[in-house]
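Peer 1: Input structure: start_32.cif, which contains mmCIF, C-alpha atoms and all ligand atoms.
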data_start
#
loop_
_atom_site.group_PDB
_atom_site.id
_atom_site.type_symbol
_atom_site.label_atom_id
_atom_site.label_comp_id
_atom_site.auth_asym_id
_atom_site.auth_seq_id
_atom_site.Cartn_x
_atom_site.Cartn_y
_atom_site.Cartn_z
ATOM 1 C CA MET A 1 -24.919 101.924 71.745
ATOM 2 C CA GLN A 2 -26.042 100.640 75.117
ATOM 3 C CA GLN A 3 -24.128 97.494 75.946
ATOM 4 C CA GLN A 4 -26.042 94.745 77.740
ATOM 5 C CA VAL A 5 -22.801 93.090 78.706
ATOM 6 C CA PRO A 6 -19.995 95.448 79.684
ATOM 7 C CA ILE A 7 -16.577 94.156 78.673
ATOM 8 C CA LEU A 8 -13.678 95.358 80.795
ATOM 9 C CA LYS A 9 -9.980 94.769 80.614
ATOM 10 C CA ILE A 10 -7.902 93.937 83.692
ATOM 11 C CA ASP A 11 -4.210 93.479 82.930
ATOM 12 C CA ASP A 12 -4.368 91.593 79.640
ATOM 13 C CA PHE A 13 -7.569 89.772 80.472
ATOM 14 C CA TRP A 14 -10.989 90.552 79.061
ATOM 15 C CA ILE A 15 -13.853 90.309 81.514
ATOM 16 C CA ALA A 16 -17.453 90.175 80.364
ATOM 17 C CA SER A 17 -20.101 90.284 83.070
ATOM 18 C CA VAL A 18 -23.607 89.463 82.027
ATOM 19 C CA GLN A 19 -25.920 91.911 83.818
ATOM 20 C CA GLY A 20 -29.356 90.412 83.376
ATOM 21 C CA SER A 21 -31.532 88.222 81.167
ATOM 22 C CA LEU A 22 -30.319 88.389 77.601
ATOM 23 C CA HIS A 23 -32.673 88.168 74.682
ATOM 24 C CA ASP A 24 -31.411 86.653 71.475
ATOM 25 C CA GLN A 25 -30.309 89.904 69.850
ATOM 26 C CA ASP A 26 -28.324 90.806 72.994
ATOM 27 C CA VAL A 27 -26.584 87.427 72.813
ATOM 28 C CA ILE A 28 -25.629 87.997 69.179
ATOM 29 C CA GLU A 29 -24.308 91.500 69.925
ATOM 30 C CA PHE A 30 -22.427 90.197 72.951
ATOM 31 C CA LYS A 31 -20.734 87.577 70.810
ATOM 32 C CA GLN A 32 -19.723 90.120 68.147
ATOM 33 C CA ALA A 33 -18.332 92.476 70.777
ATOM 34 C CA LEU A 34 -16.332 89.713 72.456
ATOM 35 C CA LEU A 35 -14.934 88.429 69.198
ATOM 36 C CA SER A 36 -13.664 91.892 68.294
ATOM 37 C CA LYS A 37 -11.995 92.178 71.716
ATOM 38 C CA ILE A 38 -10.173 88.862 71.774
ATOM 39 C CA THR A 39 -8.712 89.395 68.326
ATOM 40 C CA GLN A 40 -6.925 92.499 69.621
ATOM 41 C CA PRO A 41 -3.278 92.206 70.611
ATOM 42 C CA LYS A 42 -2.512 91.632 74.278
ATOM 43 C CA SER A 43 -5.479 89.396 74.852
ATOM 44 C CA ASN A 44 -4.280 86.736 77.227
ATOM 45 C CA GLY A 45 -7.551 85.438 78.488
ATOM 46 C CA LEU A 46 -11.289 85.881 78.627
ATOM 47 C CA ILE A 47 -13.664 85.449 81.531
ATOM 48 C CA ILE A 48 -17.391 85.345 80.939
ATOM 49 C CA ASP A 49 -19.245 85.869 84.192
ATOM 50 C CA LEU A 50 -22.668 84.212 84.088
ATOM 51 C CA THR A 51 -23.501 84.613 87.784
ATOM 52 C CA VAL A 52 -26.807 86.385 87.168
ATOM 53 C CA LEU A 53 -28.076 84.064 84.440
ATOM 54 C CA ASP A 54 -30.735 81.717 85.786
ATOM 55 C CA VAL A 55 -31.310 80.051 82.424
ATOM 56 C CA VAL A 56 -28.669 78.951 79.926
ATOM 57 C CA ASP A 57 -30.340 77.268 76.973
ATOM 58 C CA SER A 58 -29.022 75.719 73.769
ATOM 59 C CA PHE A 59 -28.878 79.085 72.010
ATOM 60 C CA VAL A 60 -26.644 80.636 74.669
ATOM 61 C CA THR A 61 -24.584 77.443 74.809
ATOM 62 C CA LYS A 62 -24.039 77.562 71.058
ATOM 63 C CA THR A 63 -22.823 81.151 71.416
ATOM 64 C CA LEU A 64 -20.362 80.138 74.146
ATOM 65 C CA ILE A 65 -19.100 77.306 71.942
ATOM 66 C CA ASP A 66 -18.666 79.713 69.003
ATOM 67 C CA ILE A 67 -16.721 82.144 71.191
ATOM 68 C CA ARG A 68 -14.526 79.318 72.442
ATOM 69 C CA GLY A 69 -13.821 78.274 68.849
ATOM 70 C CA LEU A 70 -12.401 81.622 67.842
ATOM 71 C CA ALA A 71 -10.641 82.122 71.173
ATOM 72 C CA LYS A 72 -8.933 78.789 70.698
ATOM 73 C CA LEU A 73 -7.716 79.809 67.257
ATOM 74 C CA MET A 74 -6.347 82.996 68.767
ATOM 75 C CA GLY A 75 -4.732 81.080 71.617
ATOM 76 C CA VAL A 76 -6.881 82.876 74.178
ATOM 77 C CA PRO A 77 -8.031 80.742 77.130
ATOM 78 C CA VAL A 78 -11.674 81.124 78.124
ATOM 79 C CA VAL A 79 -13.086 80.729 81.617
ATOM 80 C CA ILE A 80 -16.791 80.699 82.413
ATOM 81 C CA ALA A 81 -17.317 82.053 85.904
ATOM 82 C CA GLY A 82 -20.260 81.882 88.258
ATOM 83 C CA MET A 83 -22.449 79.319 86.565
ATOM 84 C CA SER A 84 -24.964 78.168 89.174
ATOM 85 C CA PRO A 85 -25.063 74.463 90.065
ATOM 86 C CA ALA A 86 -28.692 74.264 88.901
ATOM 87 C CA VAL A 87 -27.745 75.653 85.484
ATOM 88 C CA ALA A 88 -24.785 73.272 85.214
ATOM 89 C CA ILE A 89 -26.960 70.263 86.094
ATOM 90 C CA THR A 90 -29.568 71.327 83.550
ATOM 91 C CA LEU A 91 -26.978 71.681 80.780
ATOM 92 C CA VAL A 92 -25.588 68.219 81.459
ATOM 93 C CA GLU A 93 -29.067 66.699 81.427
ATOM 94 C CA MET A 94 -29.800 68.370 78.105
ATOM 95 C CA GLY A 95 -26.722 66.715 76.697
ATOM 96 C CA LEU A 96 -24.946 70.023 76.216
ATOM 97 C CA SER A 97 -21.289 70.096 77.077
ATOM 98 C CA LEU A 98 -18.988 73.060 77.365
ATOM 99 C CA GLU A 99 -16.038 70.882 76.513
ATOM 100 C CA GLY A 100 -12.791 72.765 76.367
ATOM 101 C CA ILE A 101 -14.123 75.672 78.378
ATOM 102 C CA ASP A 102 -12.715 76.038 81.845
ATOM 103 C CA THR A 103 -15.078 76.987 84.645
ATOM 104 C CA ALA A 104 -14.571 78.825 87.909
ATOM 105 C CA LEU A 105 -16.787 79.417 90.908
ATOM 106 C CA ASN A 106 -16.590 83.187 90.591
ATOM 107 C CA LEU A 107 -14.809 86.049 88.866
ATOM 108 C CA GLN A 108 -11.906 86.111 91.335
ATOM 109 C CA LYS A 109 -11.266 82.393 90.973
ATOM 110 C CA GLY A 110 -11.508 82.803 87.206
ATOM 111 C CA LEU A 111 -8.815 85.494 87.274
ATOM 112 C CA ASP A 112 -6.634 83.300 89.491
ATOM 113 C CA LYS A 113 -6.991 80.513 86.961
ATOM 114 C CA LEU A 114 -5.908 82.709 84.074
ATOM 115 C CA ARG A 115 -2.966 84.111 86.056
ATOM 116 C CA ASN A 116 -1.738 80.690 87.162
ATOM 117 C CA PRO A 117 -2.704 78.296 84.420
ATOM 118 C CA GLY A 118 -2.396 74.655 85.384
ATOM 119 C CA LYS A 119 -2.016 75.431 89.077
ATOM 120 C CA GLU A 120 -5.236 73.845 90.303
ATOM 121 C CA ARG A 121 -7.412 71.119 88.750
ATOM 122 C CA MET B 1 -56.123 77.353 90.089
ATOM 123 C CA LEU B 2 -52.612 78.290 89.086
ATOM 124 C CA GLU B 3 -52.468 78.834 85.349
ATOM 125 C CA ARG B 4 -50.569 81.318 83.215
ATOM 126 C CA ARG B 5 -50.678 81.822 79.485
ATOM 127 C CA SER B 6 -48.028 83.538 77.373
ATOM 128 C CA SER B 7 -48.384 84.565 73.749
ATOM 129 C CA ILE B 8 -45.137 83.928 71.950
ATOM 130 C CA GLU B 9 -44.233 86.143 69.030
ATOM 131 C CA ASN B 10 -40.745 87.458 69.647
ATOM 132 C CA GLU B 11 -37.564 87.149 71.653
ATOM 133 C CA LEU B 12 -38.907 89.200 74.547
ATOM 134 C CA ASP B 13 -41.832 86.807 74.899
ATOM 135 C CA ILE B 14 -39.340 83.965 75.363
ATOM 136 C CA ILE B 15 -37.887 85.687 78.416
ATOM 137 C CA ALA B 16 -41.336 86.551 79.781
ATOM 138 C CA ALA B 17 -42.598 82.974 79.346
ATOM 139 C CA ARG B 18 -39.685 81.407 81.143
ATOM 140 C CA ARG B 19 -39.814 83.916 83.979
ATOM 141 C CA CYS B 20 -43.513 83.227 84.331
ATOM 142 C CA ALA B 21 -42.965 79.452 84.347
ATOM 143 C CA LYS B 22 -40.262 79.795 86.952
ATOM 144 C CA GLU B 23 -42.599 81.777 89.190
ATOM 145 C CA VAL B 24 -45.314 79.156 88.898
ATOM 146 C CA ALA B 25 -42.821 76.358 89.598
ATOM 147 C CA LYS B 26 -41.551 78.228 92.631
ATOM 148 C CA GLU B 27 -45.063 78.842 93.930
ATOM 149 C CA LEU B 28 -45.819 75.131 93.574
ATOM 150 C CA GLY B 29 -42.786 74.366 95.714
ATOM 151 C CA PHE B 30 -40.493 72.890 93.064
ATOM 152 C CA SER B 31 -36.796 72.753 93.980
ATOM 153 C CA THR B 32 -34.394 75.335 92.578
ATOM 154 C CA VAL B 33 -32.965 72.814 90.129
ATOM 155 C CA ASP B 34 -36.460 71.851 88.949
ATOM 156 C CA GLN B 35 -37.343 75.527 88.494
ATOM 157 C CA VAL B 36 -34.313 75.901 86.234
ATOM 158 C CA ARG B 37 -35.139 72.678 84.359
ATOM 159 C CA ILE B 38 -38.683 73.882 83.707
ATOM 160 C CA ALA B 39 -37.611 77.403 82.724
ATOM 161 C CA THR B 40 -34.974 76.012 80.362
ATOM 162 C CA ALA B 41 -37.454 73.647 78.699
ATOM 163 C CA ILE B 42 -39.812 76.595 78.214
ATOM 164 C CA SER B 43 -36.978 78.641 76.736
ATOM 165 C CA GLU B 44 -36.310 75.934 74.135
ATOM 166 C CA LEU B 45 -39.964 75.431 73.204
ATOM 167 C CA ALA B 46 -40.676 79.157 73.058
ATOM 168 C CA ARG B 47 -37.658 79.800 70.859
ATOM 169 C CA ASN B 48 -38.769 77.044 68.493
ATOM 170 C CA ILE B 49 -42.126 78.825 68.136
ATOM 171 C CA VAL B 50 -40.424 82.127 67.289
ATOM 172 C CA LEU B 51 -37.960 80.493 64.896
ATOM 173 C CA TYR B 52 -40.172 78.002 63.090
ATOM 174 C CA ALA B 53 -43.810 78.958 63.601
ATOM 175 C CA LYS B 54 -43.585 82.764 64.095
ATOM 176 C CA GLU B 55 -46.312 82.748 66.736
ATOM 177 C CA GLY B 56 -47.994 80.519 69.232
ATOM 178 C CA SER B 57 -48.755 80.195 72.897
ATOM 179 C CA ILE B 58 -47.524 78.523 76.038
ATOM 180 C CA VAL B 59 -49.722 77.684 79.016
ATOM 181 C CA VAL B 60 -48.223 76.610 82.324
ATOM 182 C CA ARG B 61 -50.537 75.150 84.936
ATOM 183 C CA ALA B 62 -50.629 73.303 88.197
ATOM 184 C CA LEU B 63 -51.523 69.615 88.322
ATOM 185 C CA CYS B 64 -52.985 67.751 91.264
ATOM 186 C CA GLU B 65 -53.407 64.037 90.870
ATOM 187 C CA GLY B 66 -54.020 61.983 93.976
ATOM 188 C CA GLU B 67 -51.049 62.608 96.214
ATOM 189 C CA ARG B 68 -48.943 64.024 93.427
ATOM 190 C CA GLU B 69 -48.484 67.636 92.524
ATOM 191 C CA GLY B 70 -46.915 68.809 89.351
ATOM 192 C CA LEU B 71 -46.788 71.283 86.541
ATOM 193 C CA GLU B 72 -47.933 70.983 82.960
ATOM 194 C CA ILE B 73 -46.673 72.896 79.945
ATOM 195 C CA LEU B 74 -48.950 73.209 76.911
ATOM 196 C CA VAL B 75 -47.307 74.563 73.784
ATOM 197 C CA ALA B 76 -49.276 75.256 70.623
ATOM 198 C CA ASP B 77 -48.525 76.879 67.297
ATOM 199 C CA LYS B 78 -50.115 76.987 63.864
ATOM 200 C CA GLY B 79 -46.801 76.890 62.065
ATOM 201 C CA PRO B 80 -45.598 74.608 59.265
ATOM 202 C CA GLY B 81 -45.515 71.477 61.434
ATOM 203 C CA ILE B 82 -42.672 68.979 61.735
ATOM 204 C CA PRO B 83 -42.298 66.508 58.844
ATOM 205 C CA ASN B 84 -40.426 63.856 60.822
ATOM 206 C CA ILE B 85 -40.899 64.036 64.578
ATOM 207 C CA GLU B 86 -38.491 61.219 65.351
ATOM 208 C CA LEU B 87 -35.746 63.028 63.458
ATOM 209 C CA ALA B 88 -36.590 66.356 65.114
ATOM 210 C CA MET B 89 -36.334 64.668 68.526
ATOM 211 C CA THR B 90 -32.839 63.374 67.725
ATOM 212 C CA ASP B 91 -29.860 64.998 69.445
ATOM 213 C CA GLY B 92 -27.974 67.192 67.039
ATOM 214 C CA TYR B 93 -30.684 67.421 64.376
ATOM 215 C CA SER B 94 -31.345 71.009 63.327
ATOM 216 C CA THR B 95 -32.687 72.573 60.148
ATOM 217 C CA ALA B 96 -31.510 75.979 61.322
ATOM 218 C CA GLY B 97 -27.838 75.548 62.150
ATOM 219 C CA GLY B 98 -28.597 75.206 65.856
ATOM 220 C CA LEU B 99 -27.201 72.593 68.205
ATOM 221 C CA GLY B 100 -30.333 70.495 67.724
ATOM 222 C CA ALA B 101 -30.619 70.197 71.480
ATOM 223 C CA GLY B 102 -33.910 71.994 72.073
ATOM 224 C CA LEU B 103 -36.539 69.269 71.660
ATOM 225 C CA PRO B 104 -34.516 66.282 72.931
ATOM 226 C CA GLY B 105 -33.156 68.418 75.778
ATOM 227 C CA ALA B 106 -36.598 69.658 76.825
ATOM 228 C CA ARG B 107 -37.854 66.082 76.783
ATOM 229 C CA ARG B 108 -35.106 64.975 79.156
ATOM 230 C CA LEU B 109 -35.699 67.910 81.497
ATOM 231 C CA MET B 110 -39.377 67.011 81.908
ATOM 232 C CA ASP B 111 -40.919 63.764 83.224
ATOM 233 C CA THR B 112 -43.325 63.258 80.327
ATOM 234 C CA PHE B 113 -43.266 64.827 76.891
ATOM 235 C CA ARG B 114 -45.767 64.369 74.082
ATOM 236 C CA ILE B 115 -45.461 66.057 70.737
ATOM 237 C CA ASP B 116 -48.024 66.080 67.935
ATOM 238 C CA SER B 117 -47.557 67.808 64.638
ATOM 239 C CA GLN B 118 -49.531 68.079 61.422
ATOM 240 C CA LEU B 119 -47.877 69.411 58.297
ATOM 241 C CA GLY B 120 -49.345 72.771 57.393
ATOM 242 C CA GLN B 121 -51.417 72.871 60.585
ATOM 243 C CA GLY B 122 -49.016 73.248 63.442
ATOM 244 C CA THR B 123 -47.448 71.610 66.429
ATOM 245 C CA THR B 124 -48.604 70.934 69.981
ATOM 246 C CA ILE B 125 -46.523 69.741 72.894
ATOM 247 C CA VAL B 126 -47.706 68.639 76.324
ATOM 248 C CA ALA B 127 -45.003 68.121 78.933
ATOM 249 C CA ARG B 128 -45.266 67.414 82.633
ATOM 250 C CA LYS B 129 -43.005 67.585 85.624
ATOM 251 C CA TRP B 130 -43.921 66.035 88.974
ATOM 252 C CA LYS B 131 -42.687 67.292 92.286
ATOM 253 C CA ALA B 132 -40.020 65.041 93.733
HETATM 254 N N1 LIG C 1 -42.652 74.413 66.625
HETATM 255 C C1 LIG C 1 -41.999 73.923 65.541
HETATM 256 N N2 LIG C 1 -42.557 74.025 64.293
HETATM 257 C C2 LIG C 1 -41.925 73.532 63.200
HETATM 258 N N3 LIG C 1 -40.722 72.925 63.239
HETATM 259 C C3 LIG C 1 -40.115 72.789 64.448
HETATM 260 C C4 LIG C 1 -40.715 73.276 65.652
HETATM 261 N N4 LIG C 1 -39.880 72.989 66.678
HETATM 262 C C5 LIG C 1 -38.823 72.353 66.158
HETATM 263 N N5 LIG C 1 -38.954 72.221 64.800
HETATM 264 C C6 LIG C 1 -38.003 71.529 63.897
HETATM 265 O O1 LIG C 1 -37.304 70.547 64.643
HETATM 266 C C7 LIG C 1 -35.877 70.786 64.556
HETATM 267 C C8 LIG C 1 -35.219 70.413 65.877
HETATM 268 O O2 LIG C 1 -35.623 71.322 66.909
HETATM 269 P P1 LIG C 1 -34.648 71.566 68.151
HETATM 270 O O3 LIG C 1 -35.251 72.610 69.016
HETATM 271 O O4 LIG C 1 -34.354 70.244 68.769
HETATM 272 O O5 LIG C 1 -33.289 72.083 67.499
HETATM 273 P P2 LIG C 1 -32.972 73.517 66.856
HETATM 274 O O6 LIG C 1 -34.046 74.488 67.188
HETATM 275 O O7 LIG C 1 -32.696 73.329 65.410
HETATM 276 O O8 LIG C 1 -31.602 73.928 67.590
HETATM 277 P P3 LIG C 1 -31.459 74.397 69.134
HETATM 278 O O9 LIG C 1 -32.797 74.270 69.772
HETATM 279 O O10 LIG C 1 -30.456 73.459 69.742
HETATM 280 O O11 LIG C 1 -30.975 75.804 69.089
HETATM 281 C C9 LIG C 1 -35.727 72.238 64.193
HETATM 282 O O12 LIG C 1 -34.518 72.491 63.522
HETATM 283 C C10 LIG C 1 -36.955 72.458 63.299
HETATM 284 O O13 LIG C 1 -36.703 72.011 61.979
HETATM 285 MG MG MG C 2 -34.728 74.715 69.139
#
Translate this structure into structure tokens?
Peer 2:
Amino acid sequence: MQQQVPILKIDDFWIASVQGSLHDQDVIEFKQALLSKITQPKSNGLIIDLTVLDVVDSFVTKTLIDIRGLAKLMGVPVVIAGMSPAVAITLVEMGLSLEGIDTALNLQKGLDKLRNPGKER
Amino acid sequence: MLERRSSIENELDIIAARRCAKEVAKELGFSTVDQVRIATAISELARNIVLYAKEGSIVVRALCEGEREGLEILVADKGPGIPNIELAMTDGYSTAGGLGAGLPGARRLMDTFRIDSQLGQGTTIVARKWKA
């Protein structure tokens, strides 16, 4: 099956890079795929790279919150990387919060965060 | 006259409608953040059509009023209608297990937001955003 969001593993970290606009079915498949990854052994972190997304609405936000919920149960930290300032502002104005999800400017900074938890912030 | 109409029937139409709205907003000279606000509001309203009304339409058009320039979104469906609009506009209220952020969120992203709904007849929304 063609994957809209390739999920790679670097060291023990899962990295999911969204490649383009996702329609709702893609989002659901993405969530299923991620959930099956982070429940595998040797999952020490998850980065979701949203750099290319120009719209994050309540449906996508709900999916991120669901993923965080399971990741938290599994003790897997989640970092959202690359969210544009405009998207972040819009989410806040909508009253949507990604509470409990760490964010990073880009993929590299996200990896740094997972490798050195608690170093910055 | 800048005006685009999108028929909304499925998930792909949601993406097309918001891309279209973003283009119009950009052409009108809206800021990047405003383009995202408008596209996100469209995404919410279009998804509500697909989820609750099955089909409908969204028109995005330019507004010129005196010195002001803006953009208007017209959303219409012939779905079941909304029994209690005040409740539907409340943060966190969802009949579908969603976050209940779509309608109240879209209202906050736009400058004006009017919603009319008749049970069994459908729902219409008119929302405007003025250029800063
Ligand atoms: N076009 C519509 N026709 C009929 N009912 C609607 C329509 N739009 C919204 N509703 C009703 O209003 C409720 C609130 O809508 P809203 O978009 O705020 O939240 P949601 O769609 O349930 O969740 P979210 O948008 O956060 O994913 C919906 O659950 C639905 O019952
Ligand atoms: Mg909704």
Peer 1: Please, which residues have at least one atom within 7 Å of an atom of ligand MG 2 (chain C), using only C-alpha atoms and all ligand atoms, listed as JSON, numbers by chain?
Peer 2: {"B": [44, 45, 47, 48, 98, 100, 101, 102, 103]}
Peer 1: Define the interface residues of chain B facing chain A as those within 9 Å, counting only C-alpha atoms, and report them as a list in words.
Peer 2: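 Taken together, these residues fit the definition: Glu11, Leu12, Ile14, Ile15, Arg18, Thr32, Val33, Asp34, Gln35, Val36, Arg37, Ala39, Thr40, Ala41, Ser43, Glu44, Arg47, Asp91, Gly98, Leu99, Gly100, Ala101, Gly102, Pro104, Gly105, Ala106, Arg107, Arg108 and Leu109 of chain B.
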Peer 1: Calculated over all atoms listed in the file, which of the candidates B:Ser57, B:Ser117, B:Thr95, B:Ser7 has the smallest distance to ligand LIG 1 (chain C)?
Peer 2: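 Comparing B:Ser57, B:Ser117, B:Thr95, B:Ser7 against ligand LIG 1 (chain C), the winner is B:Thr95.
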Peer 1: Please report the interatomic distance between CA of Ile47 in chain A and CA of Gly20 in chain A in Å with one decimal.
Peer 2: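 For CA of Ile47 in chain A relative to CA of Gly20 in chain A, the distance reads 16.6 Å.
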Peer 1: From the options B:Lys78, B:Arg5, B:Arg68, B:Arg19, which residue's atoms come nearest to ligand LIG 1 (chain C), counting only C-alpha atoms and all ligand atoms?
Peer 2: B:Lys78
Peer 1: Return as a PyMOL selection string the set of residues that the PyMOL selection byres (((chain B and resi 111) around 9) and not hetatm) yields on the displayed structure.
Peer 2: chain B and resi 107-110+112-113+127-130
Peer 1: In Å, with one decimal, what is the gap from CA of Asp77 in chain B to CA of Gly56 in chain B?
Peer 2: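 Taking CA of Asp77 in chain B as the start and CA of Gly56 in chain B as the end point, the length is 4.2 Å.
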Peer 1: In Å, rounded to a single decimal, give me how far CA of Val27 in chain A is from atom P3 of ligand LIG 1 (chain C).
Peer 2: 14.4 Å
Peer 1: Find the smallest box with edges along x, y and z containing every listed atom of range 50-59 of chain B, then add 8 Å on each side and report centre and edge lengths in Å to one decimal, as AutoDock Vina command-line options.
Peer 2:
--center_x -43.8 --center_y 80.2 --center_z 71.1 --size_x 27.8 --size_y 21.1 --size_z 31.9
Peer 1: With the file shown as input, list the residues that the PyMOL selection byres (((chain A and resi 28-34) around 9) and not hetatm) selects, as JSON, numbers by chain.
Peer 2: {"A": [3, 4, 5, 6, 7, 14, 16, 23, 24, 25, 26, 27, 35, 36, 37, 38, 39, 46, 63, 64, 66, 67]}
Peer 1: Once the PyMOL selection byres (((chain A and resi 80) around 9) and not hetatm) has been applied to the shown file, what residues remain in the selection, as an NGL selection string?
Peer 2: :A and (46-50 or 78-79 or 81-83 or 101-107 or 110)
Peer 1: Using only C-alpha atoms and all ligand atoms, pick whichever of B:Ala132, B:Ile58, B:Leu71, B:Ala25 has the shortest atom-to-atom distance to ligand LIG 1 (chain C).
Peer 2: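 Ranking B:Ala132, B:Ile58, B:Leu71, B:Ala25 by distance to ligand LIG 1 (chain C), first place goes to B:Ile58.
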Peer 1: Could you check which of B:Val126, B:Val75, B:Ile49, B:Val59 is closest to ligand LIG 1 (chain C), using only C-alpha atoms and all ligand atoms?
Peer 2: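 Selected residue with least distance to ligand LIG 1 (chain C): B:Ile49.
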